[in-house]
Amino acid sequence: MPVRRLRIVLAEDAALLREGLVGILERAGHEVVAAVGDADALLAYVAKERPDAVVTDIRMPPTHTDEGLRAAARIRGEHPGIAIMVLSAYVAEAYVSELLDSAAGGGIGYLLKDRVGHVREFLDSLDRVAAGETVIDPQVVRQLLGRRRADGPLASLTEREREVLALMAEGRTNGSIAEVLVVSEGAVRKHVGNIFAKLRLDSSSDRRVSAVLAYLRG
Amino acid sequence: MSGTPDAWAALRAQPWRYLGSRWPWGALAYLLTTVPVGVVALVVLGLTLFVGAVTLVVVVGIVVLATVPVLAGLLGVVERARLRLVQHAAPSGMTLADRLRAGRRLAVSWPEVGYAFLVAVVLWPLDALLLVLAVSFPVVMLLAPWLATVGRMEVMGWQVDPGAEAWAACAVGLVLLVAAAYLVGLAAVAQAALARLLLDPRQAELARAVVDLRRSRVDLVDAFETERRRIERDLHDGVQQQLVALTMTLGHAELDVPEGPGLTLVRRAHRQAEQALDDLRGTVRGIHPRVLADHGLAAAVHEIADRSTVPVDVDIRLEERLQVPVEAAAYFVVSEALTNVARHARARRTEVHAWRQADRVVLTVIDDGVGGARLDGAGSGLRGLAIRLDALGGELTVSSPSGGPTEVRMECPCAG
């Protein structure tokens, strides 16, 4: 059972995937109040139903470019409290930037579509987004961290700190990072402190994912 | 003797050296000879038309009038020869012998006939007038020191006295002579261009064919790009979605199937489906990356740079989006160059730069590897890109001395 039963509006133009997603979400105990195939319908239902969360594909009719992304930005502008999970057929940093650049609001997520196949992981991510966290696909984070600069401050990080940074960028809490790395939460806190110091980032920021990503993007 | 191919080139390239070349004399001769040729043409054509018109009632007139195109053809032969006075390479045309042999089978060239009448009625009087003016004024002024002593000299209300004033007039004459040389040159060039246009229709046809050819090549590149996008869309919206749906179903199944060999199989199927999806994603990206279409070159290049095993510095200074074929070509140049760097260069770092230079876009990929890359190397993907750029009027060059560094440079015209 999920942490919290969510009312969800789902937008996905491929009927096959839409049915699959509805199945997974309902099986987990969430309520899919509307499952639509384009951005206009998505916006209409969001305005009508005021759901807790929106799950949307990036590419949808009519132009099949980034309707989902633009709809997400609008929803954040008009209903900042709604958590948004964006699904994409491929990882592209450009979309992440656009998503994070949209107005601040509830939790936000950007996941590769096949991540949905790992049902438990996907549902966990959705819960975290609904709780106000930022969740970025590990593959995007890997890509960003892979962009090594021989002379950049990233080079001064230890292997362990780099691991912690990657998990942090995915939006995990210190507790969750400790769990993954099998260390104490205190150790993680120490690593995080070191990372923020080395990268000269503001550790007091509660949007630390954005901060980290903004840094990595630069 | 000047090395320039014709009077026009000489006038344009080196206006001062034109004066010392053979071209002013050629131009003068060209205009001078127009007069007798024109007079003869006027007489012959006039007579022919007159006789033809008079005898038209007895049918013979038709035959007489039919000789007009032949006469125009003969004049065309003379005129082509005369063009050599202002151009090195005169249009070849048919020789007089060929023309006579072809006789009636020769199609009437109406531009040729038109040109014959133009020479007979318009051009020669114009040339004669121009020559009189262009020659008489400078000559009179140059002779001023002598003329003024012989008698009263007045030019356009200027009473020229002997002595210093006469020498000033002489200097003016010199300036006028230079001006006349240019005037005659320009007139001859213009007339020769007209002659060439009417007497050498093949030239115009060829020029048109080149334009057509260039357009069809660009169309081909466009069609190619459109097709790539269609394939990309089909894969993306079709096969890829099906595979994602499959992984979802398998993921779902994993929750339902009890622990045991069945679950192991489902999990394996899930992994295989994911692998297939991953491969397909790579293929789709190779065909036409979505990010390029959605976010432009800079974003797309950053994505490739992020995946590269060699560190890449990206510096793309293009404010506006490029045209679709140019943008795609630029993307694939970067993609191919970086693939080569990763495979062969043993480089420590790579730089990608792109900027706009007037109406061209310039893009370079530079690495500090071992060098030795070649555009025509076996299996070089750059070769195909060079062909593609050629069609767009652009160019791809590779500079890669042994020991490095390697620079792949693309230049391509881009409007807007």
# chains A, B, ... in the order shown; residues from 1 in each chain; ligands from 1
call {"tool": "interface_residues", "arguments": {"of": "chain B", "to": "chain A", "cutoff": "7 Å", "atoms": "only C-alpha atoms", "output": "list of chain:residue names"}}
result
B:Val244, B:Ala245, B:Thr247, B:Met248, B:Thr249, B:Leu250, B:Gly251, B:His252, B:Val291, B:Asp294, B:Ala299, B:Glu303, B:Asp306, B:Arg307, B:Pro311
call {"tool": "select_by_dssp", "arguments": {"residues": "region 13-201 of chain A", "states": "alpha helix (DSSP H)", "output": "ChimeraX atom specification"}}
result
/A:15-27,39-49,67-78,93-101,119-130,138-146,159-169,174-181,185-199
call {"tool": "residues_around", "arguments": {"residues": "region 76-81 of chain A", "least_positions_apart": "6", "cutoff": "12 Å", "atoms": "only C-alpha atoms", "output": "number ranges by chain"}}
result
A: 43, 46-54, 69-70, 99-108, 129-132
call {"tool": "closest_residue", "arguments": {"among": "B:His236, B:Arg229, B:His302, B:Arg348", "to": "His288 (chain B)", "atoms": "only C-alpha atoms"}}
result
B:Arg229
call {"tool": "residues_around", "arguments": {"residues": "Glu159 (chain A)", "least_positions_apart": "5", "cutoff": "12 Å", "atoms": "only C-alpha atoms", "output": "count of residues only"}}
result
7
call {"tool": "residues_around", "arguments": {"residues": "Val352 (chain B)", "least_positions_apart": "6", "cutoff": "12 Å", "atoms": "only C-alpha atoms", "output": "PyMOL selection string"}}
result
chain B and resi 297-298+301-302+304-305+311-317+330-331+333-335+337-338+341+362-367+406-410
call {"tool": "write_last_selection", "arguments": {"atoms": "N, CA, C and O atoms", "output": "compact mmCIF listing (two decimals), in the first residue's frame"}}
result
# COMPACT_ATOMS: atom_id res chain seq x y z
N LEU B 297 20.78 22.84 -31.59
CA LEU B 297 22.12 22.26 -31.70
C LEU B 297 22.86 22.25 -30.37
O LEU B 297 23.44 21.23 -29.99
N ALA B 298 22.85 23.38 -29.65
CA ALA B 298 23.65 23.47 -28.43
C ALA B 298 23.24 22.38 -27.44
O ALA B 298 24.10 21.64 -26.93
N VAL B 301 24.29 18.92 -28.72
CA VAL B 301 25.73 18.69 -28.64
C VAL B 301 26.15 18.44 -27.19
O VAL B 301 26.99 17.60 -26.90
N HIS B 302 25.52 19.18 -26.25
CA HIS B 302 25.81 18.94 -24.84
C HIS B 302 25.49 17.49 -24.46
O HIS B 302 26.22 16.86 -23.70
N ILE B 304 25.60 14.84 -26.43
CA ILE B 304 26.65 13.93 -26.92
C ILE B 304 27.89 14.10 -26.06
O ILE B 304 28.55 13.12 -25.72
N ALA B 305 28.21 15.34 -25.73
CA ALA B 305 29.40 15.60 -24.93
C ALA B 305 29.31 14.88 -23.59
O ALA B 305 30.30 14.32 -23.11
N PRO B 311 36.71 13.94 -22.08
CA PRO B 311 36.10 15.21 -21.67
C PRO B 311 35.96 16.17 -22.86
O PRO B 311 36.89 16.30 -23.65
N VAL B 312 34.79 16.80 -22.96
CA VAL B 312 34.53 17.69 -24.09
C VAL B 312 34.14 19.08 -23.57
O VAL B 312 33.26 19.20 -22.72
N ASP B 313 34.79 20.10 -24.08
CA ASP B 313 34.38 21.47 -23.78
C ASP B 313 33.52 21.97 -24.93
O ASP B 313 33.94 21.92 -26.08
N VAL B 314 32.33 22.41 -24.59
CA VAL B 314 31.42 22.85 -25.64
C VAL B 314 31.24 24.37 -25.57
O VAL B 314 30.97 24.91 -24.51
N ASP B 315 31.44 25.02 -26.70
CA ASP B 315 31.29 26.47 -26.76
C ASP B 315 30.52 26.78 -28.04
O ASP B 315 31.09 26.89 -29.12
N ILE B 316 29.20 26.86 -27.91
CA ILE B 316 28.38 27.07 -29.10
C ILE B 316 27.72 28.44 -29.02
O ILE B 316 26.93 28.70 -28.11
N ARG B 317 28.10 29.31 -29.92
CA ARG B 317 27.56 30.68 -29.89
C ARG B 317 26.65 30.91 -31.08
O ARG B 317 27.04 31.51 -32.06
N ALA B 330 25.31 19.69 -38.90
CA ALA B 330 26.24 20.12 -37.85
C ALA B 330 26.23 19.10 -36.71
O ALA B 330 27.28 18.69 -36.21
N TYR B 331 25.03 18.66 -36.32
CA TYR B 331 24.93 17.70 -35.23
C TYR B 331 25.69 16.42 -35.57
O TYR B 331 26.47 15.90 -34.77
N VAL B 333 28.07 15.98 -37.70
CA VAL B 333 29.52 16.21 -37.77
C VAL B 333 30.11 16.07 -36.37
O VAL B 333 31.10 15.36 -36.16
N VAL B 334 29.48 16.71 -35.38
CA VAL B 334 29.98 16.63 -34.01
C VAL B 334 29.92 15.18 -33.52
O VAL B 334 30.90 14.65 -32.98
N SER B 335 28.78 14.56 -33.77
CA SER B 335 28.59 13.19 -33.30
C SER B 335 29.64 12.25 -33.88
O SER B 335 30.28 11.47 -33.18
N ALA B 337 32.58 13.11 -35.32
CA ALA B 337 33.93 13.50 -34.91
C ALA B 337 34.22 12.99 -33.49
O ALA B 337 35.30 12.45 -33.23
N LEU B 338 33.26 13.14 -32.59
CA LEU B 338 33.49 12.70 -31.21
C LEU B 338 33.59 11.17 -31.13
O LEU B 338 34.35 10.64 -30.33
N VAL B 341 37.04 10.43 -32.15
CA VAL B 341 37.98 10.78 -31.09
C VAL B 341 38.03 9.66 -30.06
O VAL B 341 39.10 9.20 -29.67
N VAL B 362 30.17 28.32 -38.72
CA VAL B 362 31.43 27.60 -38.67
C VAL B 362 31.43 26.74 -37.41
O VAL B 362 31.06 27.22 -36.34
N LEU B 363 31.83 25.49 -37.56
CA LEU B 363 31.86 24.59 -36.42
C LEU B 363 33.18 23.82 -36.45
O LEU B 363 33.58 23.33 -37.51
N THR B 364 33.85 23.75 -35.31
CA THR B 364 35.10 22.99 -35.28
C THR B 364 35.08 22.00 -34.12
O THR B 364 34.51 22.28 -33.06
N VAL B 365 35.66 20.84 -34.35
CA VAL B 365 35.87 19.86 -33.29
C VAL B 365 37.38 19.61 -33.25
O VAL B 365 37.96 19.15 -34.23
N ILE B 366 38.00 19.97 -32.13
CA ILE B 366 39.46 19.87 -32.03
C ILE B 366 39.82 18.92 -30.90
O ILE B 366 39.26 19.02 -29.80
N ASP B 367 40.74 17.98 -31.14
CA ASP B 367 41.22 17.12 -30.06
C ASP B 367 42.74 17.13 -30.03
O ASP B 367 43.39 17.49 -31.00
N THR B 406 44.07 17.22 -34.09
CA THR B 406 43.13 17.02 -35.18
C THR B 406 42.06 18.10 -35.12
O THR B 406 41.51 18.37 -34.05
N GLU B 407 41.79 18.69 -36.26
CA GLU B 407 40.68 19.64 -36.31
C GLU B 407 39.73 19.25 -37.43
O GLU B 407 40.13 19.12 -38.58
N VAL B 408 38.47 19.02 -37.07
CA VAL B 408 37.43 18.81 -38.08
C VAL B 408 36.67 20.11 -38.15
O VAL B 408 36.18 20.62 -37.13
N ARG B 409 36.59 20.68 -39.36
CA ARG B 409 36.00 22.00 -39.48
C ARG B 409 34.88 21.97 -40.51
O ARG B 409 35.05 21.47 -41.62
N MET B 410 33.75 22.50 -40.12
CA MET B 410 32.60 22.56 -41.03
C MET B 410 32.24 24.02 -41.25
O MET B 410 32.19 24.80 -40.32
call {"tool": "residues_around", "arguments": {"residues": "Asp38 (chain A)", "least_positions_apart": "2", "cutoff": "10 Å", "atoms": "only C-alpha atoms", "output": "VMD selection string"}}
result
chain A and resid 10 to 14 35 to 36 40 to 43 56 to 57 59 to 62 64 67 to 68 71
call {"tool": "select_by_dssp", "arguments": {"residues": "region 9-164 of chain A", "states": "strand (DSSP E or B)", "output": "ChimeraX atom specification"}}
result
/A:9-11,31-36,53-57,83-88,108-112,134-136
call {"tool": "closest_residue", "arguments": {"among": "B:Val57, B:Ala181, B:Leu197, B:Ala166", "to": "Arg152 (chain B)", "atoms": "only C-alpha atoms"}}
result
B:Ala166
call {"tool": "residues_around", "arguments": {"residues": "Trp25 (chain B)", "least_positions_apart": "5", "cutoff": "12 Å", "atoms": "only C-alpha atoms", "output": "short mmCIF file (atom, residue, chain, number, x, y, z; two decimals) with N, CA, C and O atoms, in the first residue's frame"}}
result
data_model
loop_
_atom_site.label_atom_id
_atom_site.label_comp_id
_atom_site.auth_asym_id
_atom_site.auth_seq_id
_atom_site.Cartn_x
_atom_site.Cartn_y
_atom_site.Cartn_z
N MET B 1 49.94 43.46 -72.84
CA MET B 1 48.96 42.34 -72.84
C MET B 1 48.58 42.00 -71.41
O MET B 1 49.42 41.83 -70.54
N ALA B 7 37.52 42.20 -70.95
CA ALA B 7 37.58 43.63 -70.64
C ALA B 7 36.86 43.93 -69.33
O ALA B 7 37.32 44.74 -68.52
N TYR B 18 43.94 48.65 -66.21
CA TYR B 18 43.10 48.50 -67.41
C TYR B 18 43.57 49.47 -68.50
O TYR B 18 43.64 49.12 -69.68
N LEU B 19 43.96 50.70 -68.07
CA LEU B 19 44.37 51.72 -69.03
C LEU B 19 45.57 51.28 -69.85
O LEU B 19 45.67 51.56 -71.04
N GLY B 20 46.46 50.54 -69.20
CA GLY B 20 47.68 50.14 -69.91
C GLY B 20 47.51 48.84 -70.66
O GLY B 20 48.41 48.44 -71.42
N TYR B 30 36.10 47.29 -81.15
CA TYR B 30 34.80 46.61 -81.14
C TYR B 30 33.70 47.59 -81.54
O TYR B 30 32.87 47.32 -82.41
N LEU B 31 33.71 48.77 -80.90
CA LEU B 31 32.68 49.76 -81.19
C LEU B 31 32.84 50.30 -82.62
O LEU B 31 31.86 50.50 -83.33
N LEU B 32 34.09 50.52 -83.01
CA LEU B 32 34.35 51.05 -84.36
C LEU B 32 33.81 50.11 -85.43
O LEU B 32 33.15 50.53 -86.37
N LEU B 85 37.45 40.70 -79.58
CA LEU B 85 38.10 41.98 -79.30
C LEU B 85 37.99 42.38 -77.84
O LEU B 85 38.82 43.09 -77.30
N VAL B 86 36.91 41.93 -77.17
CA VAL B 86 36.74 42.29 -75.76
C VAL B 86 36.74 41.07 -74.83
O VAL B 86 36.67 41.23 -73.62
N ALA B 180 37.19 58.72 -71.42
CA ALA B 180 36.69 58.13 -72.67
C ALA B 180 37.07 56.66 -72.74
O ALA B 180 36.29 55.81 -73.18
N ALA B 181 38.31 56.36 -72.28
CA ALA B 181 38.76 54.97 -72.33
C ALA B 181 37.82 54.08 -71.50
O ALA B 181 37.43 52.99 -71.92
N TYR B 182 37.44 54.61 -70.30
CA TYR B 182 36.52 53.83 -69.47
C TYR B 182 35.13 53.75 -70.09
O TYR B 182 34.49 52.70 -70.10
N VAL B 184 34.24 53.98 -73.23
CA VAL B 184 34.26 53.07 -74.38
C VAL B 184 34.31 51.62 -73.89
O VAL B 184 33.59 50.74 -74.38
N GLY B 185 35.14 51.40 -72.87
CA GLY B 185 35.26 50.05 -72.31
C GLY B 185 33.92 49.56 -71.80
O GLY B 185 33.47 48.45 -72.12
N ALA B 188 31.45 48.89 -74.62
CA ALA B 188 31.79 47.67 -75.34
C ALA B 188 31.42 46.44 -74.54
O ALA B 188 30.88 45.46 -75.07
#
